[in-house]
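Student: Before I ask anything, let me first share the structure, which is written out below as structure tokens.
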Amino acid sequence: MLQQVNGQETSSLPYGNDPLSKDLQVFLGSDFQLAELDDLTKVNPVTPATVLKCLQERYQVDVFYTNAGCTLVALNPFKPVPYLYCPELMRDYHTTPQLQKLKPHIFTVGEQSYRNVKSLLEPVDQSIIVSGESGAGKTWTSRCLMKFYATVANSSASQETHKTVERIEKRVLDSNPVMEAFGNACTLRNSNSSRFGKYIQLQLNRAQQMTGASVQTYLLEKTRVAYQAPLERNFHIFYQITKGASSSERLEWHLPEGATFHWLPNSERTLEEDCFEVTKDAMLHLGIDHSTQNNIFKILSGLLHLGNIHFDDSEDESQVCQPQEDAKCFVTTTASLLRIPKEELLETLRVRTITAGKQQQVFRKPCCRADCETRRDCLAKVTYARLFDWLVSVINGSICAEPSTWTTFIGLLDVYGFECFPNNNLEQLCINYANEKLQQHFVAHYLRAQQEEYAAEGLEWSFISYQDNQSCLDLIEGSPVSIFSLINEECRLNRPSNATQLQTRIESTLSSNASLSRNKFSKDTNFIIAHYAGPVQYQIEGMVEKNKDPVPPELTRLLQHSQDSLLQKLFPSQEKEPNDLSGQSRAPVVTVVSKFKSSLEQLMQVLHSTTPHYIRCIKPNSHGHAQRFQAEEVLSQLEACGIVETVHISAAGFPIRVSFQSFLERYDLLRKSHPPQPRPSSRLPSSSPTKEHSGQQATPEKDTVLHALIRDILLTLPPTAATVRDHPEAMLAPRPVHCGRTKVFMTDSVLELLEHCRMQILNKCARCIQFCWRRHQRRKLEKQRWAATLLQAVTRSWLTRKRIQRLHAAATSIKHAWRKWRAKMDSLVFTELDDVEENCFAKVPCSPLSTTLPWPPRETIQLWPLGLVLSNAPAGVIGMRRNLSLQACLQIPCHSSTYKVEATQCDQAGITSIRALPQGSIRFHCKKSPLLYANISPEPQNYDITGFNQILLDRHRLIPV
């Protein structure tokens with residue numbers, strides 16, 4: 001019964017006659033603001049009605065994410081909310097020191113898994129499991145998480161690796177539109193429903209930078225290529241090429257405007273995913289060039305034309321079916337696009353080849369109309385499946401990194417949601433089986449395993465009941481007999497499949513399982529499985545044929561003979577045909593169920609080896625309308641995935657479980673940095689040590705020491721973290737940390753506080769190391785400077801001493817040479833003057849009155865040192881007499897009567913020698929010598945003489961008498 005609540009369409013809650021039960025009335029009477037409860041563990045009491053009411057109130061104020069213990073509940077808004085996924089918000093969640101202070105978001109789950117990788121808590125690898133019904137928003141959530149990790153890895157990259165990380169980020173994000181275009185389709189419940197499962201591994205190196213990614217796919221619904229349910233559509237890529245191709249591309253691909261294709265229903269609908277240019281650009285960035293893209297789109301166009309080939313019934317069984325008149329042109333177009341011979345295409349579709357007998361005789365049998373169309377559909381399905389697998393391999397080759405370049409990974413699991421259609425067959429059975437496996441993983445990992453571990457570790461715990469789907473899994477995949485085993489057995493039997501016989505075998509063999517039933521009022525053969533999300537009725541007709549998935553060998557040979565380069569890669573000629581005989585034994589048949597079950601088991605092994613994080617996507621209404629909350633439908637989803645039980649266990653349990661050894665190895669530095677102080681011993685209860693630890697038999701003494709060390713570590717935490725310091729009444733509150741027999745159990749808040757204290761100590765130690773290192777470097781530099789200064793001083797002293805010694809030696813040598821030269825010149829002058837006086841005046845007599853003095857030879861005058869001449873000049877003579885005396889000393893001839901020379905000579909033989917010193921002011925011009933100390937006179941005189949290298953006499957004009 002529907003009713004209006006605050007303008008929203010809802011339903012009365014199925015709890016008594018009153019729409020609001022007693023628990024809900026108590027909850028609504030409290031002081032809590034429902035829209036502000038970020039965690040459902042704060043709801044009291046925890047009932048389906050209170051949880052539902054809290055989610056509804058938050059949804060009405062556009063709050064779509066709520067914590068439910070270890071799980072994040074995500075309500076699909078069914079409208080664009082860009083501010084919730086902007087890069088600025090991603091950086092805020094990445095850089096915040098405490099995630100719990102921010103509002104719940106899918107970025108909280110992404111950042112928590114990223115920090116777990118950095119903290120290296122076992123297991124290091126992380127997995128995010130996004131589950132929910134079809135249309136709940138799983139694909140959008142996975143896409144936003146990939147953008148978040150790409151942004152985080154790009155922000156932590158250095159300048160050198162920024163371009164590499166940006167390129168990897170671009171390729172990883174470009175894989176989304178390609179995978180969605182080729183693997184998603186519009187269904188009754190979702191306009192962008194994933195028709196395959198995928199597990200994306202984001203590969204990180206030691207610096208937590210994204211180095212690559214890999215994609216693993218599961219069970220593509222290739223049947224959709226040839227069959228679409230009413231009001232549903234084919235894969236997005238077919239609509240993209242028909243709507244987004246240019247005129248030249250339409251001409252090349254034979255896609256005229258307004259063309260009608262049988263395999264392209266509801267083409268008039270326009271979806272956001274019908275964006276051809278985005279797909280082409282993404283394929284180009286992934287390394288698929290324009291030529292290869294053109295081949296891909298030609299093959300897809302050929303499949304569309306192949307779907308328009310219909311046949312008429314043959315008149316006789318021995319005659320082949322002829323194509324309808326309007327289908328002949330499509331046969332030609334298909335053969336041209338796929339580049340295969342037209343006659344060979346028709347022959348393969350209409351004639352079946354049978355090999356029988358020991359002689360391997362080949363028989364050719366014409367097919368009826370239904371068989372011709374079945375072979376046509378099989379040709380399209382196998383071609384599209386091979387093309388999809390090739391695209392996945394190309395994407396992995398483009399984004400996958402070498403194993404040596406990455407150490408950890410974060411996995412994103414996005415599988416098809418739980419489905420229940422009017423007609424459900426093998427595809428829906430496999431899809432719902434995958435959802436059952438994921439639900440069982442959640443139940444086994446969280447609801448059951450944690451409670452059993454609490455009891456084993458000695459915690460005071462009362463078990464909380466939950467919905468276990470193990471019986472449903474036993475019905476589907478159990479051993480020795482299950483639905484899958486019976487279907488596979490029908491495929492191995494060499495007989496035509498019989499739906500009624502298979503139904504009888506299922507009912508008779510598995511009737512003891514409570515999850516199995518049958519709709520007795522239906523005319524079709526069926527069976528009903530009670531899944532965790534509700535009962536689903538499956539039609540048995542055609543299930544065995546789909547499980548066989550037969551591909552006639554002539555169809556494979558036909559595609560191997562194609563001249564198209566891409567089809568030659570998809571169908572290599574050396575490929576061994578699955579139905580070929582090898583000797584006398586037939587190869588075992590690999591069914592669809594067997595392959596899917598094997599791949600799903602491998603996925604579960606990966607999930608069990610990682611730390612899981614759960615995001616439960618909830619669909620508020622089945623019509624995809626914004627701001628519409630259908631309480632009855634939401635409640636069924638909450639009960640199916642066990643949200644209420646999860647909230648119960650999360651509120652009373654400990655999501656973080658760390659072994660003693662790992663805890664001590666990681667947090668022992670807290671105890672070493674803070675000396676423990678006595679605290680109340682009752683604060684950290686522990687159990688009796690009876691378990692084994694680290695592969696050794698536990699002893700009371702060893703466990704006592706371990707408990708004491710762990711207690712000392714926890715005592716170093718601030719009072720707000722589960723410590724009881726001076727308030728005994730705090731002991732009554734639930735303890736967020738518990739020391740078990742072999743593990744330490746704690747809540748997220750305690751773990752976050754431990755990590756915060758550990759980071760502070762590490763930062764302090766890092767700063768101390770930096771200070772010590774800088775001090776060491778500074779001291780080392782000062783020592784080097786002092787040593788360099790000392791060496792420079794010693795070297796300069798030695799060089800100066802050597803230089804002074806050389807200068808002294810040079811000065812001494814100069815003085816010695818000067819004195820020697822002066823003495824030699826003095827002796828030569830005296831000798832030459834004496835010889836001139838004797839010889840010249842003896843040979844040339846002069847009268848006493850004569851003023852003309854005999855002029856000595858020029859050579860003799862040049863040898864006279866000027867200093868000796870000046871030193872022998874007459875003393876006390878000034879004026880005219882001084883000039884005449886100087887002229888007489890220099891023996892300058894006086895041929896003119898203008899000048900008169902007076903000589904103080906007693907005898908008439910003339911002046912024999914002049915030894916008078918020059919009187920008066922005599923100015924000398926001295927040229928500065930380039931030699932050191934050349935301007936310093938070794939023997940300073942009374943008169944002003946500044947040099948002895950070169951002395952020039954300033955000759956004054958003789959004063960006329």
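Residues are named by chain letter and number: chains run A, B, ... in the order of the structure tokens, numbers start at 1 in each chain, and ligands are numbered from 1 in the order shown.
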I'd like the neighbourhood of stretch 482-494 of chain A as an NGL selection string, where a residue qualifies if any of its atoms comes within 12 Å (using only C-alpha atoms), though same-chain residues fewer than 3 positions away should be ignored.
Tutor: :A and (426 or 429-430 or 433 or 471-479 or 497-499 or 501-513 or 515-516 or 527-529 or 538 or 540-550 or 586-597)
Student: Please provide the set of residues having any atom within 10 Å of A:Glu36, restricted to only C-alpha atoms, with same-chain residues fewer than 3 positions apart removed, written as a list in words.
Tutor: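 Counting only C-alpha atoms, the residues come to Phe32, Gln33, Asp39, Cys54, Glu57, Arg58, Val63, Thr66 and Lys103 of chain A.
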Student: Could those residues be written to a file, using N, CA and C atoms, as a PDB file, in the first residue's frame?
Tutor:
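result_35.pdb, written as the output of this step:
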```pdb
ATOM      1  N   PHE A  32      17.884  12.831  17.970  1.00  0.00           N
ATOM      2  CA  PHE A  32      18.759  12.741  16.802  1.00  0.00           C
ATOM      3  C   PHE A  32      18.129  13.444  15.608  1.00  0.00           C
ATOM      4  N   GLN A  33      18.961  14.122  14.859  1.00  0.00           N
ATOM      5  CA  GLN A  33      18.566  14.631  13.551  1.00  0.00           C
ATOM      6  C   GLN A  33      18.885  13.546  12.528  1.00  0.00           C
ATOM      7  N   ASP A  39      26.488   7.467  10.205  1.00  0.00           N
ATOM      8  CA  ASP A  39      26.754   6.044  10.381  1.00  0.00           C
ATOM      9  C   ASP A  39      25.517   5.397  10.974  1.00  0.00           C
ATOM     10  N   CYS A  54      16.069   6.392   8.401  1.00  0.00           N
ATOM     11  CA  CYS A  54      17.274   7.229   8.366  1.00  0.00           C
ATOM     12  C   CYS A  54      17.757   7.435   6.932  1.00  0.00           C
ATOM     13  N   GLU A  57      15.331   9.898   5.104  1.00  0.00           N
ATOM     14  CA  GLU A  57      15.521  11.295   5.475  1.00  0.00           C
ATOM     15  C   GLU A  57      16.778  11.870   4.834  1.00  0.00           C
ATOM     16  N   ARG A  58      17.810  11.106   4.779  1.00  0.00           N
ATOM     17  CA  ARG A  58      19.053  11.586   4.153  1.00  0.00           C
ATOM     18  C   ARG A  58      18.885  11.723   2.640  1.00  0.00           C
ATOM     19  N   VAL A  63      21.491  13.646   0.413  1.00  0.00           N
ATOM     20  CA  VAL A  63      22.648  12.972   1.005  1.00  0.00           C
ATOM     21  C   VAL A  63      22.533  11.499   0.622  1.00  0.00           C
ATOM     22  N   THR A  66      25.926   6.753   3.136  1.00  0.00           N
ATOM     23  CA  THR A  66      25.811   6.535   4.578  1.00  0.00           C
ATOM     24  C   THR A  66      26.646   5.316   4.950  1.00  0.00           C
ATOM     25  N   LYS A 103      32.392  13.591   5.586  1.00  0.00           N
ATOM     26  CA  LYS A 103      31.137  12.902   5.365  1.00  0.00           C
ATOM     27  C   LYS A 103      31.373  11.607   4.586  1.00  0.00           C
TER      28      LYS A 103
END
```
Student: I'd like the interatomic distance between atom CA of A:Ile299 and atom CA of A:Leu220, to a tenth of an Å.
Tutor: 18.3 Å
Student: Using only C-alpha atoms, which of the listed residues (A:Tyr384, A:Tyr614, A:Phe629, A:Phe363) sits closest to A:Ser113?
Tutor: A:Tyr614
